[in-house]
Structure formats: C-alpha cells, structure tokens
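Peer 1: There's a structure below that I have some questions on.
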Amino acid sequence: MAKIIVVTSGKGGVGKTTSSAAIGTGLALRGHKTVIVDFDIGLRNLDLIMGCERRVVYDFVNVINNEANLKQAMIRDKRLDNLYILPASQTRDKDALNKEGVERVLNELSDEFDFIICDSPAGIESGAMMALYFADEAIVVTNPEVSSVRDSDRILGMLSSKSRRAEQGLPGIKEHLLLTRYNPERVVKGEMLSVEDVNDILAIKLLGVIPESQAVLNASNSGQPVILDTESDAGQAYLDTVARLIGEDVPFRFLSVEKKGLFKRIFGG
Amino acid sequence: MSDHSFELKGSLFPLSVLYCQDFSVAALQAQLQQKLAQAPGFFHQAPVVINVENAKQIPDFIAIKQLFVELQLVLVGVCGANAELKKVAQQAGLAALQLSKNNGKTPEAAAKPVAEPAPIAPAAAVVTAVVENKLIEQNIRSGQQIYVKGADLIIKGTVGAGAEVIADGNIHIYGSLRGKAIAGAGGDSSKKIYCYNMQAELISIAGNYWLSESLQGEFWGKSACISLQDGQLVLAELF
Ligand SMILES: Nc1ncnc2c1ncn2[C@@H]1O[C@H](COP(=O)(O)OP(=O)(O)OP(=O)(O)O)[C@@H](O)[C@H]1O
Ligand SMILES: [Mg+2]
C-alpha cells in the first residue's frame, strides 16, 4: 500500500512542482518506488521539470477515460529506475478529472508503489480538491510572505474538512510545512516572514526550509530535479527534507545569512 | 461528484440585522453612511436583513432597496414583520424571514441602527447547530466558519486570520485569535470572549464590534477578556 502525499499550497507559483519533482526523486534515491502524478491539468509543468516532456504519449486524463492504461501512460525516469511520472494533459481542462476515476487510478498505483506524490494545481477549486482528497499526508508549500501563509492556512482548513479522511471520520491527514524560496537576508531586513513567524501562524510540523536559489532555475531549465544537484544549497535542503519525511532527525540548514556562498554560486563555476 | 451538481439544501448563514424605527430613506441613509464610514470595507456587499418590528411608518421598500444598492449593501429581506408589512415587503421582492426566539430581541438603543450578525434558520451542512456547548480541539483555518447556536464555543487551538467563530453564547479560545470572533450573536449582551492571545480582525458582542485598529492597545498579542459594559466593549485582563 502506497503512502499518498499531496503537495499543495493554495497560492500559485510557490514551488509545488519544483518540490514534487525534488521530493519524488529524493524518495526514489532512498530506494522507495515512487510515482509523481501531475494534477495540474491544462498546464503540464512536471514533465518539463523532470525532463521527460518529449516522452509524453498518453496522460492522466487518458487513463481516467480508459483511453490508455497506466503502463502506457506512466513514464519511467531515465536516471532512476524506481521513479515514474504520470503526466497531466495539456489539452484538457481542469474539470477533466472525476473522483471515481482518480480513486481507481490511485488504487491501481497503490498496489505497485511505496509513495504516490500528487502535484496539486494552485487554487482551492476542483483540481486542487481532487489532488488532496485521497491523501494520507500533505506537504503544504509556503513562501515566507503573508498572502502565501494565509492561503496555506486556507488549504489546511480544506485538508481537515474536505478530504476523504475527514469525510469518513478516519485519522486526519498528516500535515507538513515546507517553507520555500527562503531568503535569510530579506528576513533580517524585515521584508519576509521568518521561519518562526510562519511556524507560529500555521502551527504544523516543519518539514523543510528551501532557500531561494539560482540552482532551482538552472535545474528546471535543464530538466533535472534540483535534488540531483547535490552541491547546491537547494539540492541539499531537499535531501534533508526527504530524510525528515521518512522519519530521520536532521538539523535545519540555510536559515541564516551566508554571503560568501551566495557570491560564489553566482560568479564561480 | 456528478450527483451533487444540482441540489437544494438548507444552510445557515450569518447575516447582519438592521434594527431601526425611522425607515424614511433620508434617515436611513444618514445612519447607514455613518455606520459604514466606521468600518470601510467590512460591510462591502454584506447581506443585510432589516428588522421592521418597531417601524413607525410603512417603509418604502423599493426606495430602501435602491439605497442599499447605492451603499453597496445587499438587502436580503425583512424580519419581525406583521402580516401587512410582510405583504408589502414581498411585493418589493424581499424575503420575509422568521425571527427565531433567540435573536428576536431588539436591543435597548433601538432608535439608532445597529448592525448585528444573526443567524437565519434552518440548520445546515457547513455550520453546525447544537444546543450544548461546542468544544473544538483543532485550529480554525482561514475561510472556515464555526457557528454555535444557543450555546458557548470553546476552541482549543488557534483561530486563523480570515476565519470566523460565532456563538450565541460565550467564546473561549485557548490559542491565538487572529480572525473574527462574534459572541452573543443572538443579541445577549452579557456574553464574553476570552482568548489566550488577542490579535483579532474583529470582535463583536451582541452586535457591538471593534475592528483590529481599535484593538491595538495594551492587550494586543496578550491574553484578554472582552465584555460589553453599558453598550461599550471593554478589554480586561484574563487573570
Ligand atoms: N527555492 C527556489 N529558489 C528560486 N526559485 C524557485 C524556488 N522554488 C521555486 N522557484 C521558482 O518559482 C517558480 C514557480 O515554481 P513552481 O512551478 O515549482 O511553483 P508551483 O507552485 O508549482 O506553481 P503553480 O501554482 O503555477 O503550479 C519557478 O520559476 C521556479 O523555478
Ligand atoms: Mg505547479
């Protein structure tokens, strides 16, 4: 039985897809058979970040509509043979998913995988609800600014009231906070909320803090999940995050200003 | 999901009820404008019910409706209407709402319009209606709304910014209050709000409210007990 983890946020552009790709890849690196499912129907981003956009033949919506089976639609990662991607459709709209279809696909995946990572679309409409409905755990991706924190709070409310676990009175979804695009310099200047501020407002367990990093842009441009760039600060922060997700106790890094490293990354090789 | 595409369900919603005696358009306009100026934005497109129990004249509902549109309020209907007023209201396209026992009491100072959030029946899905006190042992998140009819609400957790907790009775919050808390929603001015860390967007007891600007004093970010004394909200130490 797979663990179903939704990567969600409410607010758009905070790093859900980046994090889904990194964490899915990280779990596979640690030996867990993992599939990342793109729920962002109509936009299709995950395959780009995973570098497999040219290999998409069938997609999630085809499987839901029984136009293809999972074996045909899933793409095996070229780097890790225990990592798969189920891409979203670019040609359909957000309402192409239905609960029964999603449940059937997740059940089928559940027999074969250890982890199912669901990359949620932004917003609180049906697409995002579909991505979180069947989840066992949720990674709530938040940027250190007020509007993102507010939206995350909103999504936490949805997780505790609109999910299958909530509706069936099962134990609640396990909630994790992932703070991304963290910039300690701007925190010091008071331009961004600190880890403590966000933690205080959302009051859920902190899973990871990913620094704002050029490495993320480089990685997505080259179709490599940033976690594979093990030299980079963001790559290392995601490695720590994955370790915590599977129960290891790892200290937090990249929380304070570190000028030298930053200049080196920009100007050095 | 498809079977939920068309349904008619009863739901409970908080509505502001306007208590008033003089229903001439000029008087209403002056009073409402003053009220709205105190809380710009808060009542923007707010659904409002007018209580016509103490109406001195037969209100011109069509003109009042127009006034509400101009003030960017949404007039939903009337309550406390006798048979005659009911008919006039309905002819103007307004709903005639039943007054429940709890919120039927007109506040003392009825000469001034007082906006007071009050629930309308019948019971519903999102909002829970229970007669006994309600205990919630989790955080209330942005966008969530809890309403307790005829009893106290106890929250062991935080009320997030953008969340709303409403009770006809007292409200106790053993965490931070960053959203809105509305106690004595049925009009009972003896009700109180107790919270462990007060950073509220709005606090209201029996229709008397304060917005966060007015709350930025010595108790901001601290524990506090809020009560109503002689029609005035009073903040005091919790212990
Ligand atoms: N740690 C980071 N440092 C710098 N840039 C980042 C970081 N994380 C994400 N980004 C950038 O932010 C943008 C949005 O990221 P991403 O697509 O992962 O967000 P999303 O939440 O999936 O967006 P959407 O809501 O549109 O699906 C991208 O350009 C990405 O490269
Ligand atoms: Mg995305």
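Ordered as shown in the structure tokens, chains take letters A, B, and onward, while each chain numbers its residues from 1 and ligands are numbered from 1 in the order shown.
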Could you list the residues in chain B lying within 6 Å of chain A, using only C-alpha atoms, and format the result as a list of chain:residue names?
Peer 2: B:Arg141, B:Ser142, B:Gly143
Peer 1: Give as a list of chain:residue names the residues surrounding ligand 2 up to a distance of 9 Å, considering only C-alpha atoms and all ligand atoms.
Peer 2: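 The residues within 9 Å of ligand 2, counting only C-alpha atoms and all ligand atoms, are A:Gly12, A:Gly13, A:Val14, A:Gly15, A:Lys16, A:Thr17, A:Thr18, A:Ser20, A:Asp38, A:Phe39, A:Asp40, A:Leu43, A:Arg44, A:Asn45, A:Leu46, A:Asp119, A:Ser120, A:Pro121, A:Ala122.
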Peer 1: What is the atom CA of Ser190 of chain B-atom CA of Ala37 of chain B distance in Å, reported with one decimal?
Peer 2: 27.1 Å
Peer 1: Write out as a compact mmCIF listing (two decimals) with C-alpha atoms, in the first residue's frame each polymer residue whose atoms come within 12 Å of Arg104 of chain A, counting only C-alpha atoms; drop sequence neighbours fewer than 4 positions from it.
Peer 2:
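Printed below is part_3.txt as written:
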# COMPACT_ATOMS: atom_id res chain seq x y z
CA PHE A 60 -3.55 11.05 -16.62
CA VAL A 63 -6.13 6.79 -18.12
CA ILE A 64 -9.16 8.19 -16.29
CA ASN A 65 -11.19 7.98 -19.50
CA ASN A 66 -9.96 4.44 -20.17
CA ASN A 69 -3.80 2.05 -19.30
CA LEU A 70 -1.33 3.10 -16.63
CA LEU A 97 -10.77 14.70 -13.53
CA ASN A 98 -13.50 12.99 -11.56
CA LYS A 99 -13.35 11.47 -8.11
CA GLU A 100 -14.21 7.93 -9.16
CA GLU A 108 -4.06 0.78 -9.03
CA LEU A 109 -0.86 2.75 -8.35
CA SER A 110 -1.12 1.96 -4.68
CA ASP A 111 -0.55 -1.76 -5.28
CA PHE A 134 -7.30 10.86 -1.19
Peer 1: Check segment 56-86 of chain A with DSSP on the backbone and list each residue it calls strand (DSSP E), as a compact mmCIF listing (two decimals) with C-alpha atoms, in the first residue's frame.
Peer 2:
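The result, stored in selection.txt:
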# COMPACT_ATOMS: atom_id res chain seq x y z
CA ILE A 75 6.96 7.47 -17.92
CA ARG A 76 9.91 5.82 -16.26
CA LEU A 83 10.83 6.55 -10.31
CA TYR A 84 7.82 7.19 -12.58
CA ILE A 85 5.83 10.19 -13.73
CA LEU A 86 2.17 10.26 -14.65
Peer 1: Which residues, written as a list in words, have at least one atom at most 8 Å from Lys3 of chain A, with only C-alpha atoms counted and residues fewer than 5 positions away on the same chain left out?
Peer 2: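 Listed by chain and then number, they are Ser110, Asp114, Phe115, Ile116, Ala135, Asp136 and Glu137 of chain A.
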Peer 1: Excluding Glu53 of chain B and residues on its chain fewer than 5 positions from it, collect all residues at most 12 Å away from it, counting only C-alpha atoms, and give them as a list in words.
Peer 2: Val17, Leu18, Tyr19, Cys20, Gln21, Asp22, Phe23, Ile58, Pro59, Val78, Cys79, Gly80, Ala81, Asn82, Ala83, Glu84, Leu85, Lys86, Leu97, Gln98, Leu99, Gly104, Lys105, Thr106, Pro107 and Ala110 of chain B
Peer 1: When you look at Asn143 of chain A with a cut-off of 8 Å (counting only C-alpha atoms), what residues show up, excluding the ones that are within fewer than 4 positions of it in the same chain? I need them as an MDAnalysis selection string.
Peer 2: chainID A and resid 14 148:149 179:182
Peer 1: Write the selection just made, keeping N, CA and C atoms, as a PDB file, in the first residue's frame?
Peer 2:
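Dumped to out-v7.pdb:
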ATOM      1  N   VAL A  14       4.446  28.986  -5.858  1.00  0.00           N
ATOM      2  CA  VAL A  14       5.263  28.999  -4.639  1.00  0.00           C
ATOM      3  C   VAL A  14       6.317  27.896  -4.631  1.00  0.00           C
ATOM      4  N   SER A 148       0.856  34.127   1.018  1.00  0.00           N
ATOM      5  CA  SER A 148       1.091  32.697   0.874  1.00  0.00           C
ATOM      6  C   SER A 148       0.726  31.951   2.161  1.00  0.00           C
ATOM      7  N   VAL A 149       1.090  32.551   3.288  1.00  0.00           N
ATOM      8  CA  VAL A 149       0.780  31.920   4.578  1.00  0.00           C
ATOM      9  C   VAL A 149      -0.741  31.835   4.768  1.00  0.00           C
ATOM     10  N   LEU A 179       8.734  25.297   3.789  1.00  0.00           N
ATOM     11  CA  LEU A 179       8.929  26.720   3.507  1.00  0.00           C
ATOM     12  C   LEU A 179       9.920  26.829   2.367  1.00  0.00           C
ATOM     13  N   THR A 180       9.508  27.439   1.244  1.00  0.00           N
ATOM     14  CA  THR A 180      10.410  27.513   0.093  1.00  0.00           C
ATOM     15  C   THR A 180      10.720  28.962  -0.249  1.00  0.00           C
ATOM     16  N   ARG A 181      11.741  29.127  -1.081  1.00  0.00           N
ATOM     17  CA  ARG A 181      12.208  30.445  -1.516  1.00  0.00           C
ATOM     18  C   ARG A 181      12.561  31.303  -0.296  1.00  0.00           C
ATOM     19  N   TYR A 182      13.157  30.683   0.687  1.00  0.00           N
ATOM     20  CA  TYR A 182      13.511  31.374   1.920  1.00  0.00           C
ATOM     21  C   TYR A 182      14.784  32.178   1.697  1.00  0.00           C
TER      22      TYR A 182
END
